[in-house]
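Novice: Take a look at data.cif, mmCIF, C-alpha atoms:
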```cif
data_run
loop_
_atom_site.label_atom_id
_atom_site.label_comp_id
_atom_site.auth_asym_id
_atom_site.auth_seq_id
_atom_site.Cartn_x
_atom_site.Cartn_y
_atom_site.Cartn_z
CA MET A 1 -28.47 -34.54 -21.19
CA PHE A 2 -25.79 -37.02 -20.26
CA ILE A 3 -24.11 -36.87 -23.67
CA PHE A 4 -23.68 -33.07 -23.46
CA MET A 5 -22.11 -33.39 -20.00
CA PHE A 6 -19.89 -36.14 -21.29
CA VAL A 7 -18.66 -33.98 -24.17
CA ALA A 8 -17.69 -31.21 -21.76
CA ASP A 9 -15.91 -33.64 -19.44
CA THR A 10 -13.81 -35.12 -22.24
CA MET A 11 -12.81 -31.88 -24.01
CA GLN A 12 -9.35 -31.98 -22.43
CA SER A 13 -8.53 -35.34 -24.01
CA ILE A 14 -9.70 -34.57 -27.55
CA PRO A 15 -6.54 -32.94 -29.00
CA SER A 16 -4.58 -36.15 -28.49
CA ILE A 17 -6.55 -37.96 -31.18
CA ALA A 18 -8.78 -35.55 -33.06
CA LYS A 19 -7.36 -34.33 -36.36
CA CYS A 20 -8.63 -30.81 -35.84
CA SER A 21 -7.68 -29.99 -32.27
CA LEU A 22 -8.39 -26.30 -32.86
CA GLN A 23 -12.03 -26.91 -33.69
CA LYS A 24 -15.07 -27.75 -31.59
CA PRO A 25 -15.94 -31.47 -31.64
CA ASP A 26 -19.67 -31.23 -32.31
CA TRP A 27 -19.72 -34.67 -33.91
CA ALA A 28 -18.95 -38.19 -32.78
CA SER A 29 -18.35 -41.59 -34.32
CA VAL A 30 -20.78 -43.79 -32.45
CA THR A 31 -19.10 -46.94 -33.76
CA LEU A 32 -15.52 -45.94 -32.89
CA GLY A 33 -16.31 -43.98 -29.75
CA VAL A 34 -14.44 -40.77 -30.61
CA PHE A 35 -15.43 -37.11 -30.85
CA VAL A 36 -14.51 -35.23 -34.04
CA CYS A 37 -15.03 -31.81 -35.58
CA GLN A 38 -17.44 -31.21 -38.46
CA GLY A 39 -14.68 -31.31 -41.09
CA CYS A 40 -13.42 -34.69 -39.95
CA SER A 41 -16.96 -36.02 -39.59
CA LEU A 42 -17.26 -35.64 -43.37
CA LEU A 43 -14.13 -37.74 -43.82
CA HIS A 44 -15.47 -40.39 -41.43
CA ARG A 45 -18.53 -40.64 -43.66
CA GLY A 46 -16.16 -41.92 -46.35
CA ILE A 47 -15.67 -45.14 -44.36
CA PRO A 48 -19.30 -45.99 -43.44
CA HIS A 49 -18.42 -49.65 -42.91
CA ILE A 50 -16.09 -48.53 -40.10
CA SER A 51 -17.46 -45.27 -38.76
CA ARG A 52 -21.00 -43.95 -38.32
CA VAL A 53 -21.17 -40.33 -37.19
CA LYS A 54 -23.81 -38.39 -35.35
CA SER A 55 -24.23 -34.79 -34.31
CA VAL A 56 -23.81 -34.29 -30.59
CA GLN A 57 -26.51 -31.63 -30.41
CA GLN A 58 -28.87 -32.18 -33.33
CA GLU A 59 -29.56 -35.92 -33.33
CA SER A 60 -31.08 -38.34 -30.86
CA TRP A 61 -28.82 -40.94 -29.27
CA GLU A 62 -29.44 -44.52 -28.25
CA ALA A 63 -28.44 -45.52 -24.74
CA SER A 64 -25.98 -48.04 -26.17
CA GLU A 65 -24.24 -45.29 -28.16
CA VAL A 66 -23.83 -43.14 -25.08
CA GLU A 67 -22.45 -46.14 -23.21
CA LEU A 68 -19.88 -46.77 -25.95
CA MET A 69 -18.72 -43.15 -25.88
CA ALA A 70 -18.36 -43.36 -22.11
CA ALA A 71 -16.46 -46.66 -22.32
CA MET A 72 -14.11 -45.60 -25.15
CA GLY A 73 -13.52 -41.86 -25.58
CA ASN A 74 -10.62 -40.18 -27.30
CA GLU A 75 -7.86 -41.19 -24.91
CA ALA A 76 -8.77 -44.87 -24.99
CA ALA A 77 -9.15 -44.77 -28.77
CA LYS A 78 -5.70 -43.21 -29.06
CA ALA A 79 -4.23 -46.02 -26.95
CA LYS A 80 -5.88 -48.60 -29.18
CA TYR A 81 -5.48 -47.17 -32.67
CA GLU A 82 -2.15 -45.35 -32.28
CA GLN A 83 -0.11 -47.97 -30.45
CA LYS A 84 2.79 -47.99 -32.91
CA VAL A 85 2.77 -44.78 -34.94
CA PRO A 86 6.32 -44.32 -36.31
CA ALA A 87 7.97 -41.09 -35.20
CA PHE A 88 8.39 -40.03 -38.83
CA TYR A 89 4.74 -40.59 -39.83
CA TYR A 90 3.05 -37.28 -40.57
CA ARG A 91 0.19 -36.44 -38.21
CA PRO A 92 -2.00 -33.96 -40.09
CA LYS A 93 -3.24 -30.67 -38.68
CA HIS A 94 -6.63 -29.11 -39.29
CA THR A 95 -5.06 -26.83 -41.93
CA ASP A 96 -3.64 -29.70 -44.01
CA CYS A 97 -5.13 -30.85 -47.29
CA LYS A 98 -8.00 -33.33 -47.38
CA LEU A 99 -5.76 -36.11 -48.69
CA LEU A 100 -3.52 -36.17 -45.61
CA ARG A 101 -6.42 -35.98 -43.16
CA GLU A 102 -8.43 -38.66 -44.95
CA GLN A 103 -5.52 -41.10 -45.20
CA TRP A 104 -4.64 -40.56 -41.53
CA ILE A 105 -8.19 -41.59 -40.62
CA ARG A 106 -8.10 -44.61 -42.94
CA ALA A 107 -4.64 -45.67 -41.71
CA ARG A 108 -5.87 -45.77 -38.13
CA TYR A 109 -9.40 -47.06 -38.33
CA GLU A 110 -9.71 -48.89 -41.65
CA ARG A 111 -6.25 -50.39 -42.23
CA ASN A 112 -5.10 -50.58 -38.57
CA GLU A 113 -1.58 -49.64 -39.64
CA PHE A 114 -0.53 -48.51 -36.18
CA GLU A 115 -1.57 -51.73 -34.47
CA PHE A 116 0.43 -54.03 -36.78
CA ILE A 117 3.96 -52.96 -37.76
CA GLU A 118 4.01 -55.23 -40.82
CA LYS A 119 1.34 -53.00 -42.40
CA GLN A 120 3.81 -50.08 -42.33
CA GLU A 121 6.26 -51.66 -44.77
CA PRO A 122 5.23 -49.51 -47.80
CA TYR A 123 6.79 -46.46 -46.15
CA SER A 124 9.19 -47.86 -43.54
CA ALA A 125 11.21 -50.45 -45.48
CA GLY A 126 13.95 -48.02 -46.55
CA TYR A 127 13.36 -48.74 -50.23
CA ARG A 128 10.45 -47.81 -52.46
CA GLU A 129 10.01 -48.18 -56.20
CA GLY A 130 7.08 -47.24 -58.40
CA PHE A 131 5.63 -44.96 -61.05
CA LEU A 132 4.40 -41.42 -60.53
CA TRP A 133 3.01 -38.89 -62.96
CA LYS A 134 5.63 -36.15 -63.25
CA ARG A 135 5.17 -32.74 -64.82
CA GLY A 136 7.51 -32.10 -67.74
CA ARG A 137 9.87 -29.18 -67.28
CA ASP A 138 9.36 -27.74 -70.75
CA ASN A 139 5.94 -28.81 -72.02
CA GLY A 140 4.02 -28.96 -68.74
CA GLN A 141 2.56 -32.38 -69.53
CA PHE A 142 2.40 -35.06 -66.85
CA LEU A 143 4.13 -38.28 -67.93
CA SER A 144 4.59 -41.57 -66.09
CA ARG A 145 8.09 -41.83 -64.64
CA LYS A 146 9.81 -44.51 -62.60
CA PHE A 147 10.95 -43.38 -59.13
CA ILE A 148 13.26 -45.16 -56.71
CA LEU A 149 13.82 -44.07 -53.11
CA SER A 150 16.80 -45.79 -51.47
CA GLU A 151 17.99 -45.07 -47.95
CA ARG A 152 21.12 -47.12 -48.63
CA GLU A 153 22.05 -44.88 -51.56
CA GLY A 154 20.82 -41.80 -49.75
CA ALA A 155 18.80 -40.60 -52.72
CA LEU A 156 15.50 -40.36 -54.57
CA LYS A 157 15.93 -40.96 -58.30
CA TYR A 158 13.66 -40.86 -61.31
CA PHE A 159 14.11 -42.22 -64.82
CA SER A 160 12.83 -40.69 -68.05
CA LYS A 161 12.31 -44.13 -69.62
CA GLN A 162 11.32 -47.38 -67.94
CA GLU A 163 14.28 -49.29 -69.36
CA ALA A 164 16.82 -46.52 -68.73
CA ARG A 165 19.85 -47.46 -66.64
CA ASP A 166 20.89 -43.95 -65.67
CA PRO A 167 18.50 -41.72 -63.74
CA LYS A 168 17.37 -38.38 -65.11
CA ALA A 169 17.88 -36.81 -61.69
CA VAL A 170 19.38 -37.84 -58.36
CA MET A 171 17.96 -36.01 -55.34
CA LYS A 172 19.99 -36.45 -52.18
CA ILE A 173 17.97 -37.27 -49.08
CA GLU A 174 20.08 -34.72 -47.24
CA THR A 175 18.35 -31.78 -49.00
CA LEU A 176 15.05 -33.43 -49.95
CA ASN A 177 11.70 -31.88 -49.06
CA ALA A 178 8.14 -32.77 -49.99
CA THR A 179 4.91 -30.85 -49.48
CA PHE A 180 1.40 -31.44 -50.80
CA GLN A 181 0.23 -28.70 -53.17
CA PRO A 182 -3.13 -29.83 -54.61
CA ALA A 183 -4.38 -26.36 -55.58
CA LYS A 184 -1.07 -25.25 -57.06
CA ILE A 185 -0.55 -28.43 -59.08
CA GLY A 186 -4.21 -28.78 -60.03
CA ASN A 187 -4.55 -32.33 -58.71
CA PRO A 188 -5.98 -33.40 -55.32
CA TYR A 189 -2.98 -35.71 -54.84
CA GLY A 190 -0.32 -33.30 -56.12
CA LEU A 191 3.04 -33.36 -54.34
CA GLN A 192 5.87 -30.85 -54.79
CA ILE A 193 9.34 -32.27 -54.22
CA THR A 194 12.28 -29.89 -53.81
CA TYR A 195 15.99 -30.53 -53.50
CA LEU A 196 19.24 -28.64 -53.81
CA ARG A 197 21.57 -28.97 -56.76
CA ASP A 198 24.71 -26.83 -56.69
CA ASN A 199 23.07 -25.15 -53.68
CA SER A 200 20.15 -23.93 -55.82
CA THR A 201 16.58 -25.14 -55.42
CA ARG A 202 15.02 -27.50 -57.96
CA ASN A 203 11.31 -28.42 -58.08
CA ILE A 204 9.49 -31.42 -59.46
CA PHE A 205 5.71 -31.87 -59.36
CA VAL A 206 4.17 -35.34 -59.17
CA TYR A 207 0.94 -37.15 -58.38
CA HIS A 208 -0.55 -40.64 -58.35
CA SER A 209 -4.15 -41.62 -59.00
CA ASP A 210 -4.22 -43.68 -55.80
CA SER A 211 -4.42 -41.55 -52.66
CA LYS A 212 -2.83 -44.13 -50.37
CA GLU A 213 0.07 -44.60 -52.79
CA MET A 214 0.77 -40.88 -52.76
CA VAL A 215 0.72 -40.59 -48.97
CA ASP A 216 2.92 -43.70 -48.71
CA TRP A 217 5.51 -41.97 -50.92
CA PHE A 218 5.33 -38.88 -48.73
CA ASN A 219 5.87 -40.84 -45.53
CA ALA A 220 8.61 -42.94 -47.16
CA ILE A 221 10.49 -39.70 -47.89
CA ARG A 222 9.97 -38.63 -44.27
CA ALA A 223 11.24 -42.00 -43.05
CA ALA A 224 14.37 -41.73 -45.19
CA ARG A 225 14.99 -38.21 -43.91
CA PHE A 226 14.43 -39.35 -40.32
CA HIS A 227 16.99 -42.14 -40.54
CA TYR A 228 19.49 -39.86 -42.28
CA LEU A 229 19.15 -37.24 -39.53
CA GLN A 230 19.49 -39.89 -36.81
CA VAL A 231 22.92 -40.69 -38.21
CA ALA A 232 23.86 -37.05 -38.84
CA PHE A 233 22.78 -35.95 -35.35
CA PRO A 234 23.22 -39.02 -33.10
CA GLY A 235 22.47 -37.16 -29.87
CA ALA A 236 19.22 -35.58 -31.06
CA SER A 237 15.84 -36.76 -29.77
CA ASP A 238 12.92 -37.72 -31.98
CA GLU A 239 11.16 -34.52 -30.91
CA GLU A 240 14.09 -32.49 -32.24
CA LEU A 241 14.34 -34.38 -35.55
CA VAL A 242 10.68 -34.73 -36.56
CA PRO A 243 10.15 -31.00 -37.36
CA LYS A 244 13.10 -31.19 -39.78
CA LEU A 245 11.74 -34.08 -41.89
CA THR A 246 9.52 -32.11 -44.27
CA ARG A 247 8.23 -28.57 -44.19
CA SER A 248 5.51 -26.50 -45.77
CA PHE A 249 6.43 -23.19 -47.33
CA MET A 250 6.02 -20.18 -45.06
CA LYS A 251 4.38 -18.09 -47.74
CA GLU A 252 3.72 -18.20 -51.51
CA GLY A 253 2.15 -15.82 -53.97
CA PHE A 254 2.66 -13.20 -56.66
CA MET A 255 4.61 -9.99 -56.12
CA GLU A 256 6.35 -7.55 -58.43
CA LYS A 257 10.12 -7.11 -58.29
CA THR A 258 12.79 -4.95 -59.85
CA GLY A 259 16.48 -5.53 -60.48
CA PRO A 260 19.50 -4.70 -58.30
CA LYS A 261 19.92 -1.18 -59.73
CA HIS A 262 16.24 -0.35 -59.16
CA THR A 263 16.07 1.22 -62.63
CA GLU A 264 14.36 -1.69 -64.37
CA GLY A 265 10.61 -1.97 -64.62
CA PHE A 266 8.88 -4.15 -62.05
CA LYS A 267 7.96 -7.64 -63.25
CA LYS A 268 5.32 -9.95 -61.84
CA ARG A 269 6.82 -13.12 -60.37
CA TRP A 270 5.68 -16.04 -58.22
CA PHE A 271 7.49 -16.01 -54.86
CA THR A 272 8.07 -18.89 -52.46
CA MET A 273 9.40 -18.38 -48.94
CA ASP A 274 11.11 -21.64 -47.91
CA ASP A 275 12.66 -21.06 -44.50
CA ARG A 276 15.40 -18.47 -45.21
CA ARG A 277 15.29 -18.87 -48.99
CA LEU A 278 13.06 -16.43 -50.86
CA MET A 279 12.76 -17.76 -54.41
CA TYR A 280 11.02 -16.24 -57.40
CA PHE A 281 9.68 -17.91 -60.54
CA LYS A 282 8.07 -16.76 -63.75
CA ASP A 283 5.41 -19.44 -63.28
CA PRO A 284 4.37 -21.21 -60.04
CA LEU A 285 5.19 -24.61 -61.60
CA ASP A 286 8.64 -23.74 -62.92
CA ALA A 287 11.31 -26.33 -62.21
CA TYR A 288 14.01 -23.73 -61.52
CA ALA A 289 13.90 -20.44 -59.67
CA ARG A 290 14.85 -17.31 -61.62
CA GLY A 291 16.62 -16.15 -58.48
CA GLU A 292 16.94 -16.67 -54.74
CA VAL A 293 17.40 -14.23 -51.88
CA PHE A 294 18.79 -15.22 -48.48
CA ILE A 295 16.89 -13.70 -45.55
CA GLY A 296 19.09 -13.54 -42.46
CA SER A 297 18.43 -12.28 -38.93
CA LYS A 298 18.15 -8.80 -37.43
CA GLU A 299 21.39 -9.43 -35.53
CA ASN A 300 23.07 -9.67 -38.93
CA SER A 301 21.61 -6.41 -40.28
CA TYR A 302 18.55 -7.78 -42.10
CA THR A 303 15.37 -5.73 -41.86
CA VAL A 304 12.01 -5.51 -43.62
CA LEU A 305 10.22 -2.19 -44.17
CA PRO A 306 6.77 -1.34 -45.54
CA GLY A 307 6.84 0.83 -48.65
CA LEU A 308 9.44 1.65 -51.30
CA PRO A 309 12.10 4.40 -51.50
CA PRO A 310 10.54 7.71 -52.73
CA SER A 311 12.46 7.69 -56.02
CA THR A 312 11.24 4.22 -57.06
CA GLN A 313 9.48 4.02 -60.42
CA GLY A 314 8.04 1.36 -62.70
CA TYR A 315 5.80 -0.54 -60.30
CA HIS A 316 2.13 -1.28 -61.00
CA TRP A 317 1.05 -2.52 -57.57
CA ASN A 318 1.03 0.11 -54.86
CA HIS A 319 1.83 -1.81 -51.69
CA GLY A 320 5.60 -1.92 -51.49
CA ILE A 321 8.07 -3.89 -49.35
CA THR A 322 11.77 -3.18 -48.91
CA ILE A 323 14.10 -5.86 -47.58
CA VAL A 324 17.42 -4.48 -46.39
CA THR A 325 20.38 -6.87 -46.36
CA PRO A 326 24.05 -6.16 -45.57
CA ASP A 327 24.75 -5.96 -49.31
CA ARG A 328 21.73 -4.33 -50.96
CA LYS A 329 18.04 -3.52 -50.84
CA PHE A 330 15.41 -5.73 -52.48
CA LEU A 331 12.23 -3.99 -53.64
CA PHE A 332 8.87 -5.73 -54.05
CA ALA A 333 5.28 -4.62 -54.60
CA CYS A 334 2.06 -6.39 -53.63
CA GLU A 335 -1.36 -6.07 -55.23
CA THR A 336 -3.26 -5.60 -51.96
CA GLU A 337 -2.54 -4.26 -48.52
CA ALA A 338 -3.52 -7.62 -47.01
CA GLU A 339 -0.88 -9.41 -49.11
CA GLN A 340 1.69 -6.80 -48.14
CA LYS A 341 0.98 -7.38 -44.45
CA ASP A 342 1.11 -11.17 -44.84
CA TRP A 343 4.48 -11.03 -46.60
CA ILE A 344 5.93 -8.60 -44.05
CA THR A 345 4.77 -10.90 -41.24
CA ALA A 346 6.46 -13.88 -42.90
CA PHE A 347 9.71 -11.94 -43.46
CA GLN A 348 9.67 -10.57 -39.93
CA ARG A 349 9.22 -14.04 -38.45
CA VAL A 350 12.39 -15.20 -40.19
CA ILE A 351 14.37 -12.06 -39.43
CA ASN A 352 13.47 -12.25 -35.73
CA ARG A 353 14.87 -15.79 -35.49
CA PRO A 354 18.62 -16.03 -34.73
CA MET A 355 20.67 -17.78 -37.40
CA ARG A 356 21.90 -21.32 -36.78
CA PRO A 357 25.61 -22.06 -37.38
CA GLN A 358 24.93 -23.96 -40.62
CA GLU A 359 22.91 -21.03 -41.97
CA TYR A 360 26.01 -18.85 -41.99
CA ALA A 361 27.50 -21.19 -44.59
CA VAL A 362 24.37 -20.81 -46.72
CA GLU A 363 24.55 -17.03 -46.38
CA ALA A 364 28.21 -17.09 -47.45
CA HIS A 365 27.29 -19.06 -50.57
CA PHE A 366 24.65 -16.50 -51.53
CA LYS A 367 27.15 -13.65 -51.11
CA HIS A 368 29.72 -15.33 -53.33
CA LYS A 369 27.39 -16.56 -56.05
CA PRO A 370 28.83 -15.89 -59.50
#
```
In C-alpha cells, what does this structure look like?

Specialist:
Amino acid sequence: MFIFMFVADTMQSIPSIAKCSLQKPDWASVTLGVFVCQGCSLLHRGIPHISRVKSVQQESWEASEVELMAAMGNEAAKAKYEQKVPAFYYRPKHTDCKLLREQWIRARYERNEFEFIEKQEPYSAGYREGFLWKRGRDNGQFLSRKFILSEREGALKYFSKQEARDPKAVMKIETLNATFQPAKIGNPYGLQITYLRDNSTRNIFVYHSDSKEMVDWFNAIRAARFHYLQVAFPGASDEELVPKLTRSFMKEGFMEKTGPKHTEGFKKRWFTMDDRRLMYFKDPLDAYARGEVFIGSKENSYTVLPGLPPSTQGYHWNHGITIVTPDRKFLFACETEAEQKDWITAFQRVINRPMRPQEYAVEAHFKHKP
C-alpha cells in the first residue's frame, strides 16, 4: 500500500526527470530509484546492468526497494544525474524517436555524461570529424563520406572522397538544421540535415551504424548553433536560444498541387512545412525542392481556406486547400479529410503568428525570385 501512496505523492516531481512527462509513470527502476512510463521502462530494460524495472501495480516489492524509492525519487535523481547538462543538449520528449530517448537514458545512467564534463567532449569540443553514410543525390545509394564540423570555420562540410582537399558541400552553421527521420530515411538512426544555399533549401540524408555516434553528431550541431547564436544575439538568454538550435518539421506528407495559372493538371508531391517555408518535392528524399512557398501572417494578408475555387479542374483527391497570399492563390488537394484538417491546422498556426523582422527579408526574397 505504501508504494501506491508514494507514487501519488511524487507525481508532481516526475516531469523534471521522466522522458515522457505526458504519460502515467506506472513503472519504476528499483535500482535507480526513479518512476518512468511504460515506454521508457522498455528502454531501461536495455541497460539491465544499470536499471531493473518493476511495475508499480502488478508486481510485488521488497521493503528495501520501497525504501530506495523513498530515499531517491525523481527530484533527487535529477540532481544527481543531471548536474551538468549543457544548455544545447537535446532533452527528448515522449514523441521523439526511440534513438533519442534511449541515448538520453544511457547518457545519464550508463555513461554519467552529465556528472563529468570531460565525457561531453564528443559533442562540445567545437570540432568533430568522422564518417557518415550519406544518401547519393542521383542514385539513392548510401556511401561513406567524411564530415567535418568546425565552429571556428562556422560550417559543416563533407567530402566525396577521403583524400579530397576541397569539400563537396559547405553548410553554414547559420542556416543549419538537423532532425531525426528514421521512418522517412528507412534507418533507425537516420538524420536529415538541411541548410540554405542561395536562400533555397538543400537536404542531405545520413546515418551511422553506432547510435551514440549519431546522437553525438546531432548534439555537436546543436552546440555549434548555440555558440553561433550566443555571438549573434549577445543579450539573449539560454531559454531564448535553445528553441532555435534545431527544429522538427511542422508537417510533412503528400498532397496534389497545380501551377500558378490553375490550368495544369494536379500532380502528387511530397510537402514539408518548415516554419514559414512550404517546400514540395517529387520524392520525400530529394536533395532539392521543386519549389518553395512563403507562408506569412494574417496581418500581411495571408489566409488559408478549406476547399478549391468552383472552376478548378484536374485534381484526383477531393479535399482541397486554398492558400491566399498577397500575390496569388496556391491550390492543393489532400487524399483524406483528416489530412486536409491537419494541413489547415499547420498553416493556420503559422498564419496566426506575427512575422518577425527578419522574416520580412525572407518574404521579400520569395517575391523577387527569378

Novice: Which polymer residues have any atom within 9 Å of an atom of Val350 in chain A, counting only C-alpha atoms, with same-chain residues fewer than 5 positions away left out, as a PyMOL selection string?

Specialist: chain A and resi 275-276+295-297+345

Novice: Please identify all polymer residues within 6 Å of Thr272 in chain A, counting all atoms listed in the file, omitting same-chain residues fewer than 2 positions from it, and present them as a CSV table (one decimal) with C-alpha atoms, keeping the file's coordinate frame.

Specialist:
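Everything below was put into part_4.csv:
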```csv
chain,number,residue,atom,x,y,z
A,252,GLU,CA,3.7,-18.2,-51.5
A,278,LEU,CA,13.1,-16.4,-50.9
A,279,MET,CA,12.8,-17.8,-54.4
```

Novice: Counting only C-alpha atoms, which of A:Arg225, A:His208, A:Lys80, A:Lys329 gets nearest to Trp133 in chain A?

Specialist: A:His208

Novice: If you measure from CA of Lys251 in chain A to CA of Val362 in chain A, what distance in Å do you get, rounded to one decimal?

Specialist: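 A separation of 20.2 Å between them.
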
Novice: Kindly indicate which residue among A:Phe226, A:Asp283, A:Gly154, A:Asp96 lies nearest to Ile185 in chain A, using only C-alpha atoms for the distances.

Specialist: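 Comparing A:Phe226, A:Asp283, A:Gly154, A:Asp96 against Ile185 in chain A, the winner is A:Asp283.
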
Novice: Could you list, as a list in words, every residue matched by the PyMOL selection byres ((chain A and resi 167-177) around 7) in this structure?

Specialist: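 Applying the expression gives Gly154, Ala155, Leu156, Lys157, Tyr158, Phe159, Ser160, Arg165, Asp166, Ala178, Thr179, Ile193, Thr194, Tyr195, Leu196, Ala224, Arg225, Thr246 and Arg247 of chain A.
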
Novice: Apply the PyMOL selection byres ((chain A and resi 67-72) around 8) to the file shown and report the selected residues as a ChimeraX atom specification.

Specialist: /A:6,30-34,63-66,73-77

Novice: Evaluate the PyMOL selection byres ((chain A and resi 59) around 12) against this structure - the residues, as a compact mmCIF listing (two decimals) with C-alpha atoms, in the coordinates of the input, please.

Specialist:
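And here's part10.txt as it stands now:
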```
# COMPACT_ATOMS: atom_id res chain seq x y z
CA ILE A 3 -24.11 -36.87 -23.67
CA PHE A 4 -23.68 -33.07 -23.46
CA ASP A 26 -19.67 -31.23 -32.31
CA TRP A 27 -19.72 -34.67 -33.91
CA ALA A 28 -18.95 -38.19 -32.78
CA VAL A 30 -20.78 -43.79 -32.45
CA VAL A 53 -21.17 -40.33 -37.19
CA LYS A 54 -23.81 -38.39 -35.35
CA SER A 55 -24.23 -34.79 -34.31
CA VAL A 56 -23.81 -34.29 -30.59
CA GLN A 57 -26.51 -31.63 -30.41
CA GLN A 58 -28.87 -32.18 -33.33
CA SER A 60 -31.08 -38.34 -30.86
CA TRP A 61 -28.82 -40.94 -29.27
CA GLU A 62 -29.44 -44.52 -28.25
CA GLU A 65 -24.24 -45.29 -28.16
```

Novice: In Å, rounded to a single decimal, give me how far CA of Leu245 in chain A is from CA of Arg222 in chain A.

Specialist: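 So the two atoms, CA of Arg222 in chain A and CA of Leu245 in chain A, lie 5.4 Å apart.
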
Novice: Would you list the contacts of Glu110 in chain A as number ranges by chain, taking every protein, DNA or RNA residue within 10 Å and counting only C-alpha atoms, but skipping same-chain residues closer than 5 positions in sequence?

Specialist: A: 47, 49-51, 103-105

Novice: Work out how far apart CA of Phe180 in chain A and CA of Arg135 in chain A are and give it in Å to one decimal.

Specialist: 14.6 Å

Novice: Around (-6.0, -42.6, -56.1) in the file's own coordinates, what residues are found within 12 Å if you use only C-alpha atoms, given back as a ChimeraX atom specification?

Specialist: /A:99,103,132-133,187-190,207-216

Novice: With all atoms listed in the file as the basis for distance, which of A:Phe35, A:Trp317, A:Phe205, A:Tyr81 is at the shortest distance from Arg137 in chain A?

Specialist: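 With all atoms listed in the file as the atom set, the closest residue is A:Phe205.
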
Novice: Measuring atom to atom with all atoms listed in the file, identify which of A:Ala223, A:Ala346, A:Val293, A:Ala183 is nearest to Ala87 in chain A.

Specialist: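 Using all atoms listed in the file, Ala87 in chain A sits closest to A:Ala223.
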
Novice: Find the residues with any atom within 9 Å of (4.0, -52.6, -34.4); use all atoms listed in the file and the coordinates as given in the file, and write the answer as a PyMOL selection string.

Specialist: chain A and resi 83-86+113-120

Novice: Based on the selection just made, write C-alpha atoms of those residues as a PDB file, in the frame of the given file.

Specialist:
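Generated output (again36.pdb):
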```
ATOM      1  CA  GLN A  83      -0.110 -47.970 -30.450  1.00  0.00           C
ATOM      2  CA  LYS A  84       2.790 -47.990 -32.910  1.00  0.00           C
ATOM      3  CA  VAL A  85       2.770 -44.780 -34.940  1.00  0.00           C
ATOM      4  CA  PRO A  86       6.320 -44.320 -36.310  1.00  0.00           C
ATOM      5  CA  GLU A 113      -1.580 -49.640 -39.640  1.00  0.00           C
ATOM      6  CA  PHE A 114      -0.530 -48.510 -36.180  1.00  0.00           C
ATOM      7  CA  GLU A 115      -1.570 -51.730 -34.470  1.00  0.00           C
ATOM      8  CA  PHE A 116       0.430 -54.030 -36.780  1.00  0.00           C
ATOM      9  CA  ILE A 117       3.960 -52.960 -37.760  1.00  0.00           C
ATOM     10  CA  GLU A 118       4.010 -55.230 -40.820  1.00  0.00           C
ATOM     11  CA  LYS A 119       1.340 -53.000 -42.400  1.00  0.00           C
ATOM     12  CA  GLN A 120       3.810 -50.080 -42.330  1.00  0.00           C
TER      13      GLN A 120
END
```

Novice: For Leu143 in chain A, which residue out of A:Tyr89, A:Arg45, A:Val206, A:Pro182 is the nearest one, using only C-alpha atoms?

Specialist: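 Comparing A:Tyr89, A:Arg45, A:Val206, A:Pro182 against Leu143 in chain A, the winner is A:Val206.
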